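Colleague: If you scroll down you'll find the structure; I have some questions about it.
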Amino acid sequence: MLSRRNFLFAGAAAVLAGTLPRIATAGYAQAQATEWTRRRSFLGNASGRIAYVDAGSGDAVLMLHGYPLNGFQWRGVVEQLSLAHRCIVPDFMGLGWSVPAHAGKVDPWSQVRMLVSLLDHLRISSVHVIANDSGGAVAQLLALEQPSRIASLLLTNCDTALQSPPPAMHEVIELSKQGRYASTWLDPWLEHTDKARAPDGFGGMCYSDPENPTDEAIRMYFGPLLSSIESRRRVEAYAIALEENVLSDANPRFKSLRVPVRILWGQDDVIFSRENADFLDRSWGNSHGVRKVAHAKLFWPEEQPGLIVEEARALWSTLKS
């Protein structure tokens with residue numbers, strides 16, 4: 001009999017290979033959500049109540065998600081990497097199940113402080129970082145704040161000094177300032193998941209497969225954000241906090257860092273422009289180049305976890321040689 005962990009890993013391989021029928025895939029998605037919820041831990045400290053998953057053992061890997069997602073975005077990568085690595089996957093403060101302290105801030109620098117406190121608590125002195133979307137901005141600031149702690153950075157489509165935030169976020173920010181983002185966009189997507197996957201919806205903008213995100217993923221992402229008046233305000237506060245380009249001042253300092261950086265960029269992204277990939281490559285002093293991923297949109301790491309694992313292992317192997 002397969003253990004739960006082996007079942008999930010085998011299921012991931014089957015989904016990627018396209019050998020599972022849709023009904024089985026739906027059951028697998030539910031099993032993923034159940035397992036992720038079971039693994040979730042919480043740490044209460046000055047930042048607030050931090051929700052995170054800590055899976056596997058070995059060299060530590062920190063995975064940082066996009067907006068308005070949470071750590072569940074990395075479930076496919078964790079299933080594979082946790083076989084030989086310790087995977088730390090937090091929800092950012094104000095998203096998922098993480099709740100900031102009373103009147104606590106949710107801006108990128110505050111997220112950096114939260115991550116440092118989490119790594120300190122877990123006694124992790126060196127960590128590889130994989131990041132996507134707004135999580136990429138936080139990853140870059142974390143490397144700037146604690147360069148000796150960051151073993152490597154694997155950046156996928158994300159904020160750069162050129163686009164932080166990207167133009168597509170401007171409407172989200174304005175609606176959030178009016179207190180209308182959650183009700184205008186998230187409520188309809190959670191209530192009618194097909195709308196979330198529509199070409200002009202969340203799925204069509206951010207995923208390549210028209211069947212993504214799955215119903216289970218939509219519930220995992222938007223359910224906690226819409227569970228209370230306070231959680232609705234927090235997801236909007238998070239968007240508003242992204243209005244300032246926190247990378248514009250930091251970017252000139254990246255050139256002097258020796259943190260190894262590898263960039264993977266989905267070429268069909270309609271949120272961040274393609275020029276950001278080469279800009280990142282030029283910005284970092286120890287870039288290991290760019291891989292351009294065909295037919296991939298913003299949240300492609302969720303759809304192609306195997307490619308993340310392949311590139312991560314390749315990057316880490318060069319650091320040991």
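Ordering of the structure tokens sets the chain letters (A, B, ...), residue numbers begin anew at 1 in every chain, and ligands are numbered from 1 in the order given.
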Just want the 12 Å neighbourhood of segment 40-48 of chain A, counted on only C-alpha atoms, with same-chain residues fewer than 2 positions away dropped. Output as a PyMOL selection string.

Modeller: chain A and resi 33-38+50-55+70-72+75+88-94+96-107+109-122

Colleague: Quick one: write out the picked residues with N, CA and C atoms as a compact mmCIF listing (two decimals), in the first residue's frame?

Modeller:
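Output (again-v7.txt):
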# COMPACT_ATOMS: atom_id res chain seq x y z
N ALA A 33 -4.92 19.13 -1.15
CA ALA A 33 -5.38 20.17 -0.23
C ALA A 33 -5.49 19.63 1.19
N THR A 34 -5.99 18.41 1.33
CA THR A 34 -6.11 17.80 2.65
C THR A 34 -4.73 17.61 3.29
N GLU A 35 -3.79 17.12 2.50
CA GLU A 35 -2.44 16.90 3.01
C GLU A 35 -1.77 18.22 3.36
N TRP A 36 -1.94 19.23 2.54
CA TRP A 36 -1.33 20.54 2.82
C TRP A 36 -1.88 21.12 4.12
N THR A 37 -3.18 21.01 4.30
CA THR A 37 -3.81 21.51 5.52
C THR A 37 -3.29 20.75 6.74
N ARG A 38 -3.13 19.45 6.62
CA ARG A 38 -2.63 18.65 7.72
C ARG A 38 -1.21 19.05 8.11
N ILE A 50 2.16 33.27 11.94
CA ILE A 50 2.71 32.86 10.66
C ILE A 50 2.29 31.43 10.36
N ALA A 51 1.64 31.23 9.23
CA ALA A 51 1.29 29.89 8.77
C ALA A 51 2.37 29.41 7.80
N TYR A 52 2.80 28.15 7.97
CA TYR A 52 3.84 27.64 7.09
C TYR A 52 3.80 26.12 7.07
N VAL A 53 4.37 25.56 6.01
CA VAL A 53 4.57 24.12 5.89
C VAL A 53 6.06 23.86 5.95
N ASP A 54 6.45 22.86 6.71
CA ASP A 54 7.85 22.45 6.87
C ASP A 54 7.90 20.96 6.55
N ALA A 55 8.40 20.62 5.37
CA ALA A 55 8.34 19.24 4.89
C ALA A 55 9.70 18.75 4.43
N ASN A 70 -1.24 31.64 -1.83
CA ASN A 70 -0.53 31.32 -0.59
C ASN A 70 0.42 30.16 -0.87
N GLY A 71 1.00 29.60 0.17
CA GLY A 71 2.02 28.58 -0.04
C GLY A 71 1.56 27.36 -0.81
N PHE A 72 0.26 27.12 -0.88
CA PHE A 72 -0.28 25.98 -1.62
C PHE A 72 0.17 26.02 -3.09
N ARG A 75 2.83 23.31 -3.89
CA ARG A 75 2.59 21.93 -3.47
C ARG A 75 3.27 20.91 -4.38
N ILE A 88 10.52 24.81 3.21
CA ILE A 88 9.83 25.74 4.10
C ILE A 88 8.96 26.64 3.23
N VAL A 89 7.64 26.58 3.46
CA VAL A 89 6.71 27.30 2.58
C VAL A 89 5.73 28.11 3.43
N PRO A 90 6.01 29.39 3.66
CA PRO A 90 5.11 30.22 4.46
C PRO A 90 4.03 30.88 3.61
N ASP A 91 2.97 31.28 4.29
CA ASP A 91 2.00 32.21 3.71
C ASP A 91 2.46 33.61 4.12
N PHE A 92 2.47 34.54 3.19
CA PHE A 92 2.82 35.91 3.55
C PHE A 92 1.78 36.49 4.50
N MET A 93 2.20 37.41 5.35
CA MET A 93 1.29 38.06 6.28
C MET A 93 0.19 38.78 5.50
N GLY A 94 -1.07 38.47 5.84
CA GLY A 94 -2.21 39.07 5.15
C GLY A 94 -2.77 38.21 4.04
N GLY A 96 -3.40 33.90 2.67
CA GLY A 96 -3.51 32.55 3.19
C GLY A 96 -3.98 32.56 4.63
N TRP A 97 -3.29 31.78 5.45
CA TRP A 97 -3.67 31.64 6.85
C TRP A 97 -2.77 32.44 7.79
N SER A 98 -1.89 33.27 7.25
CA SER A 98 -1.03 34.10 8.11
C SER A 98 -1.75 35.39 8.46
N VAL A 99 -1.72 35.73 9.73
CA VAL A 99 -2.42 36.92 10.22
C VAL A 99 -1.41 37.86 10.87
N PRO A 100 -1.28 39.08 10.36
CA PRO A 100 -0.32 40.01 10.97
C PRO A 100 -0.75 40.42 12.37
N ALA A 101 0.21 40.84 13.17
CA ALA A 101 -0.09 41.35 14.50
C ALA A 101 -1.03 42.56 14.38
N HIS A 102 -1.70 42.89 15.46
CA HIS A 102 -2.64 44.01 15.44
C HIS A 102 -1.95 45.26 14.90
N ALA A 103 -2.56 45.84 13.87
CA ALA A 103 -2.01 47.03 13.20
C ALA A 103 -0.66 46.74 12.56
N GLY A 104 -0.34 45.45 12.38
CA GLY A 104 0.92 45.09 11.76
C GLY A 104 0.94 45.40 10.27
N LYS A 105 2.11 45.71 9.75
CA LYS A 105 2.24 46.06 8.35
C LYS A 105 2.39 44.80 7.48
N VAL A 106 2.02 44.91 6.21
CA VAL A 106 2.12 43.78 5.29
C VAL A 106 2.91 44.16 4.04
N ASP A 107 3.68 45.23 4.11
CA ASP A 107 4.50 45.67 2.98
C ASP A 107 5.67 44.71 2.79
N TRP A 109 8.96 44.89 2.96
CA TRP A 109 10.01 44.87 3.98
C TRP A 109 9.52 44.21 5.26
N SER A 110 8.24 44.39 5.60
CA SER A 110 7.68 43.70 6.77
C SER A 110 7.64 42.20 6.53
N GLN A 111 7.39 41.78 5.30
CA GLN A 111 7.42 40.35 4.97
C GLN A 111 8.83 39.80 5.13
N VAL A 112 9.83 40.59 4.76
CA VAL A 112 11.22 40.17 4.95
C VAL A 112 11.50 39.91 6.42
N ARG A 113 11.07 40.83 7.27
CA ARG A 113 11.29 40.65 8.71
C ARG A 113 10.58 39.40 9.23
N MET A 114 9.39 39.14 8.70
CA MET A 114 8.68 37.93 9.09
C MET A 114 9.46 36.69 8.70
N LEU A 115 10.01 36.68 7.48
CA LEU A 115 10.77 35.51 7.02
C LEU A 115 12.03 35.31 7.85
N VAL A 116 12.71 36.38 8.19
CA VAL A 116 13.91 36.27 9.02
C VAL A 116 13.55 35.66 10.37
N SER A 117 12.44 36.10 10.95
CA SER A 117 12.03 35.56 12.25
C SER A 117 11.66 34.09 12.14
N LEU A 118 11.05 33.70 11.02
CA LEU A 118 10.70 32.29 10.82
C LEU A 118 11.94 31.43 10.67
N LEU A 119 12.89 31.89 9.86
CA LEU A 119 14.14 31.15 9.68
C LEU A 119 14.91 31.05 10.99
N ASP A 120 14.90 32.12 11.77
CA ASP A 120 15.56 32.09 13.08
C ASP A 120 14.91 31.04 13.97
N HIS A 121 13.59 31.04 13.99
CA HIS A 121 12.85 30.08 14.83
C HIS A 121 13.17 28.64 14.43
N LEU A 122 13.29 28.40 13.11
CA LEU A 122 13.56 27.06 12.61
C LEU A 122 15.05 26.72 12.61

Colleague: Write out as number ranges by chain the set of residues from segment 77-275 of chain A that DSSP, computed on the backbone, places in strand (DSSP E or B).

Modeller: A: 86-90, 99-100, 127-133, 150-158, 160, 163, 261-266

Colleague: As a ChimeraX atom specification, please: every residue in segment 24-254 of chain A that a backbone DSSP assignment puts in helix (DSSP H, G or I).

Modeller: /A:24-39,71-81,108-121,134-145,169-177,181-191,193-196,202-206,215-222,224-226,229-241,247-254

Colleague: Output C-alpha atoms for every residue in the selection just made, as a tab-separated table (two decimals), in the first residue's frame.

Modeller:
chain	number	residue	atom	x	y	z
A	24	ALA	CA	-9.15	11.17	-10.79
A	25	THR	CA	-7.30	14.46	-11.10
A	26	ALA	CA	-10.06	16.17	-9.08
A	27	GLY	CA	-9.69	13.54	-6.36
A	28	TYR	CA	-5.95	14.02	-6.38
A	29	ALA	CA	-6.38	17.80	-6.05
A	30	GLN	CA	-8.57	17.28	-3.00
A	31	ALA	CA	-5.98	14.91	-1.51
A	32	GLN	CA	-3.30	17.56	-2.05
A	33	ALA	CA	-5.38	20.17	-0.23
A	34	THR	CA	-6.11	17.80	2.65
A	35	GLU	CA	-2.44	16.90	3.01
A	36	TRP	CA	-1.33	20.54	2.82
A	37	THR	CA	-3.81	21.51	5.52
A	38	ARG	CA	-2.63	18.65	7.72
A	39	ARG	CA	0.99	19.74	7.39
A	71	GLY	CA	2.02	28.58	-0.04
A	72	PHE	CA	-0.28	25.98	-1.62
A	73	GLN	CA	1.05	27.32	-4.94
A	74	TRP	CA	4.23	25.27	-4.33
A	75	ARG	CA	2.59	21.93	-3.47
A	76	GLY	CA	3.84	20.20	-6.63
A	77	VAL	CA	7.41	21.34	-6.07
A	78	VAL	CA	7.31	20.30	-2.41
A	79	GLU	CA	6.08	16.82	-3.31
A	80	GLN	CA	9.26	16.29	-5.32
A	81	LEU	CA	11.90	18.36	-3.53
A	108	PRO	CA	7.44	43.80	1.38
A	109	TRP	CA	10.01	44.87	3.98
A	110	SER	CA	7.68	43.70	6.77
A	111	GLN	CA	7.42	40.35	4.97
A	112	VAL	CA	11.22	40.17	4.95
A	113	ARG	CA	11.29	40.65	8.71
A	114	MET	CA	8.68	37.93	9.09
A	115	LEU	CA	10.77	35.51	7.02
A	116	VAL	CA	13.91	36.27	9.02
A	117	SER	CA	12.03	35.56	12.25
A	118	LEU	CA	10.70	32.29	10.82
A	119	LEU	CA	14.14	31.15	9.68
A	120	ASP	CA	15.56	32.09	13.08
A	121	HIS	CA	12.85	30.08	14.83
A	134	SER	CA	5.33	39.60	-5.71
A	135	GLY	CA	7.15	36.92	-3.73
A	136	GLY	CA	10.08	37.62	-6.05
A	137	ALA	CA	10.30	41.19	-4.78
A	138	VAL	CA	10.44	39.93	-1.20
A	139	ALA	CA	13.07	37.34	-2.17
A	140	GLN	CA	15.30	40.02	-3.65
A	141	LEU	CA	14.98	42.20	-0.57
A	142	LEU	CA	15.70	39.20	1.66
A	143	ALA	CA	18.92	38.55	-0.27
A	144	LEU	CA	19.85	42.19	0.16
A	145	GLU	CA	19.09	42.09	3.88
A	169	MET	CA	-1.94	45.67	-10.42
A	170	HIS	CA	-3.01	49.30	-10.69
A	171	GLU	CA	-6.72	48.45	-10.90
A	172	VAL	CA	-6.37	46.00	-8.01
A	173	ILE	CA	-4.72	48.69	-5.91
A	174	GLU	CA	-7.38	51.29	-6.72
A	175	LEU	CA	-10.23	48.88	-5.96
A	176	SER	CA	-8.48	47.95	-2.72
A	177	LYS	CA	-8.24	51.59	-1.70
A	181	TYR	CA	-11.36	44.45	-4.54
A	182	ALA	CA	-12.49	41.41	-2.56
A	183	SER	CA	-16.17	41.88	-3.44
A	184	THR	CA	-15.60	42.84	-7.08
A	185	TRP	CA	-13.10	40.15	-8.08
A	186	LEU	CA	-12.54	37.48	-5.43
A	187	ASP	CA	-16.14	36.84	-4.38
A	188	PRO	CA	-17.36	36.02	-7.91
A	189	TRP	CA	-14.34	33.83	-8.57
A	190	LEU	CA	-14.89	31.78	-5.43
A	191	GLU	CA	-18.64	31.49	-5.96
A	193	THR	CA	-15.10	28.88	-10.24
A	194	ASP	CA	-15.67	28.75	-14.01
A	195	LYS	CA	-15.52	32.56	-14.00
A	196	ALA	CA	-12.15	32.37	-12.29
A	202	PHE	CA	-7.83	35.02	-12.91
A	203	GLY	CA	-7.09	31.74	-14.66
A	204	GLY	CA	-7.00	33.09	-18.20
A	205	MET	CA	-4.63	35.87	-17.19
A	206	CYS	CA	-2.26	33.82	-15.06
A	215	ASP	CA	-11.73	24.25	-7.92
A	216	GLU	CA	-9.74	22.98	-4.95
A	217	ALA	CA	-6.95	25.50	-5.55
A	218	ILE	CA	-9.46	28.34	-5.85
A	219	ARG	CA	-10.97	27.37	-2.50
A	220	MET	CA	-7.52	27.10	-0.93
A	221	TYR	CA	-6.49	30.50	-2.24
A	222	PHE	CA	-9.61	32.63	-1.87
A	224	PRO	CA	-9.28	32.21	3.80
A	225	LEU	CA	-9.17	35.68	2.24
A	226	LEU	CA	-12.96	35.97	2.18
A	229	ILE	CA	-14.32	41.26	7.19
A	230	GLU	CA	-10.82	41.44	8.68
A	231	SER	CA	-9.32	38.98	6.19
A	232	ARG	CA	-10.92	40.91	3.31
A	233	ARG	CA	-9.34	44.12	4.51
A	234	ARG	CA	-5.97	42.40	4.90
A	235	VAL	CA	-5.85	41.15	1.31
A	236	GLU	CA	-6.64	44.68	0.18
A	237	ALA	CA	-4.04	46.18	2.50
A	238	TYR	CA	-1.51	43.82	0.94
A	239	ALA	CA	-2.30	45.14	-2.54
A	240	ILE	CA	-2.09	48.76	-1.40
A	241	ALA	CA	1.30	48.05	0.19
A	247	LEU	CA	13.05	47.69	-5.68
A	248	SER	CA	13.92	51.02	-7.29
A	249	ASP	CA	16.29	52.02	-4.48
A	250	ALA	CA	17.50	48.48	-3.84
A	251	ASN	CA	18.30	47.49	-7.41
A	252	PRO	CA	21.69	49.27	-7.73
A	253	ARG	CA	22.93	47.26	-4.74
A	254	PHE	CA	22.19	43.85	-6.28

Colleague: Rounded to one decimal, what separation in Å do you get between atom CA of Asp159 of chain A and atom CA of Val290 of chain A?

Modeller: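 Distance reported for this atom pair: 15.4 Å.
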
Colleague: From the set A:Arg197, A:Arg86, A:Arg180, A:Arg262, which residue has the shortest atom-to-atom contact distance to Ala131 of chain A, counting only C-alpha atoms?

Modeller: A:Arg262

Colleague: Compile the contact shell of Ala277 of chain A as a list in words: residues with an atom at most 8 Å away, counting only C-alpha atoms, same-chain residues fewer than 4 positions apart removed.

Modeller: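 The neighbour list is Asn157, Ile263, Leu264, Trp265, Asp281 and Val290 of chain A.
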
Colleague: Output all heavy atoms for every residue in that selection, as a PDB file, in the first residue's frame.

Modeller:
ATOM      1  N   ASN A 157       8.866  34.545 -13.029  1.00  0.00           N
ATOM      2  CA  ASN A 157       8.202  35.811 -13.375  1.00  0.00           C
ATOM      3  C   ASN A 157       7.822  36.571 -12.106  1.00  0.00           C
ATOM      4  O   ASN A 157       7.068  36.060 -11.269  1.00  0.00           O
ATOM      5  CB  ASN A 157       6.949  35.537 -14.196  1.00  0.00           C
ATOM      6  CG  ASN A 157       7.262  34.841 -15.504  1.00  0.00           C
ATOM      7  OD1 ASN A 157       7.931  33.803 -15.529  1.00  0.00           O
ATOM      8  ND2 ASN A 157       6.788  35.403 -16.602  1.00  0.00           N
ATOM      9  N   ILE A 263      17.280  32.716 -13.418  1.00  0.00           N
ATOM     10  CA  ILE A 263      16.015  33.334 -13.793  1.00  0.00           C
ATOM     11  C   ILE A 263      15.279  32.447 -14.789  1.00  0.00           C
ATOM     12  O   ILE A 263      15.857  32.043 -15.810  1.00  0.00           O
ATOM     13  CB  ILE A 263      16.260  34.735 -14.405  1.00  0.00           C
ATOM     14  CG1 ILE A 263      16.968  35.643 -13.394  1.00  0.00           C
ATOM     15  CG2 ILE A 263      14.952  35.355 -14.865  1.00  0.00           C
ATOM     16  CD1 ILE A 263      18.101  36.426 -13.965  1.00  0.00           C
ATOM     17  N   LEU A 264      14.027  32.145 -14.475  1.00  0.00           N
ATOM     18  CA  LEU A 264      13.161  31.371 -15.362  1.00  0.00           C
ATOM     19  C   LEU A 264      11.956  32.243 -15.685  1.00  0.00           C
ATOM     20  O   LEU A 264      11.269  32.714 -14.775  1.00  0.00           O
ATOM     21  CB  LEU A 264      12.693  30.082 -14.681  1.00  0.00           C
ATOM     22  CG  LEU A 264      13.763  29.216 -14.014  1.00  0.00           C
ATOM     23  CD1 LEU A 264      13.113  28.010 -13.340  1.00  0.00           C
ATOM     24  CD2 LEU A 264      14.796  28.758 -15.031  1.00  0.00           C
ATOM     25  N   TRP A 265      11.696  32.431 -16.990  1.00  0.00           N
ATOM     26  CA  TRP A 265      10.663  33.413 -17.346  1.00  0.00           C
ATOM     27  C   TRP A 265       9.662  32.858 -18.357  1.00  0.00           C
ATOM     28  O   TRP A 265      10.009  32.505 -19.470  1.00  0.00           O
ATOM     29  CB  TRP A 265      11.318  34.673 -17.927  1.00  0.00           C
ATOM     30  CG  TRP A 265      10.482  35.895 -17.687  1.00  0.00           C
ATOM     31  CD1 TRP A 265       9.544  36.433 -18.522  1.00  0.00           C
ATOM     32  CD2 TRP A 265      10.499  36.725 -16.521  1.00  0.00           C
ATOM     33  NE1 TRP A 265       8.973  37.545 -17.945  1.00  0.00           N
ATOM     34  CE2 TRP A 265       9.550  37.746 -16.708  1.00  0.00           C
ATOM     35  CE3 TRP A 265      11.232  36.690 -15.331  1.00  0.00           C
ATOM     36  CZ2 TRP A 265       9.305  38.736 -15.752  1.00  0.00           C
ATOM     37  CZ3 TRP A 265      10.990  37.669 -14.379  1.00  0.00           C
ATOM     38  CH2 TRP A 265      10.044  38.682 -14.593  1.00  0.00           C
ATOM     39  N   ASP A 281      18.840  39.600 -15.183  1.00  0.00           N
ATOM     40  CA  ASP A 281      20.124  38.983 -15.520  1.00  0.00           C
ATOM     41  C   ASP A 281      21.257  40.001 -15.446  1.00  0.00           C
ATOM     42  O   ASP A 281      22.352  39.713 -14.956  1.00  0.00           O
ATOM     43  CB  ASP A 281      20.023  38.381 -16.922  1.00  0.00           C
ATOM     44  CG  ASP A 281      21.241  37.567 -17.307  1.00  0.00           C
ATOM     45  OD1 ASP A 281      21.825  36.917 -16.419  1.00  0.00           O
ATOM     46  OD2 ASP A 281      21.607  37.586 -18.495  1.00  0.00           O
ATOM     47  N   VAL A 290      19.401  33.113 -17.919  1.00  0.00           N
ATOM     48  CA  VAL A 290      17.953  33.114 -18.060  1.00  0.00           C
ATOM     49  C   VAL A 290      17.518  31.905 -18.882  1.00  0.00           C
ATOM     50  O   VAL A 290      18.131  31.588 -19.906  1.00  0.00           O
ATOM     51  CB  VAL A 290      17.464  34.396 -18.773  1.00  0.00           C
ATOM     52  CG1 VAL A 290      15.955  34.365 -18.988  1.00  0.00           C
ATOM     53  CG2 VAL A 290      17.883  35.641 -18.000  1.00  0.00           C
TER      54      VAL A 290
END

Colleague: Which residue gives the smallest distance to Lys292 of chain A among A:Ile271, A:Leu155, A:Leu242, A:Val259, with only C-alpha atoms counted?

Modeller: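 That would be A:Leu155, the residue with the smallest distance to Lys292 of chain A.
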
Colleague: Could you please determine the separation between atom CA of Tyr207 of chain A and atom CA of Trp300 of chain A in Å, to one decimal place?

Modeller: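 Distance reported for this atom pair: 6.3 Å.
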
Colleague: From the options A:Gly201, A:Thr160, A:Glu244, A:Ala151, which residue's atoms come nearest to Lys320 of chain A, counting only C-alpha atoms?

Modeller: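 The shortest atom-to-atom distance to Lys320 of chain A comes from A:Ala151.
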
Colleague: At what distance in Å, to one decimal, does atom CA of Asn286 of chain A lie from atom CA of Arg258 of chain A?

Modeller: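 Taking atom CA of Arg258 of chain A as the start and atom CA of Asn286 of chain A as the end point, the length is 5.3 Å.
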
Colleague: With distances taken over only C-alpha atoms, which of A:Val246, A:Val61, A:Leu280, A:Ile124 is nearest to Val261 of chain A?

Modeller: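 Residue with the minimum atom-to-atom distance to Val261 of chain A: A:Leu280.
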
Colleague: Give me the residues within 12 Å of Gln304 of chain A as a VMD selection string, counting only C-alpha atoms and dropping any in the same chain fewer than 4 places off.

Modeller: chain A and resid 12 to 13 15 to 17 73 to 77 80 156 207 to 209 212 264 266 293 to 300 308 to 311

Colleague: Using only C-alpha atoms for the distances, tell me which of A:Asn245, A:Thr214, A:Ser125, A:Ser228 is nearest to Leu62 of chain A.

Modeller: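 That would be A:Ser125, the residue with the smallest distance to Leu62 of chain A.
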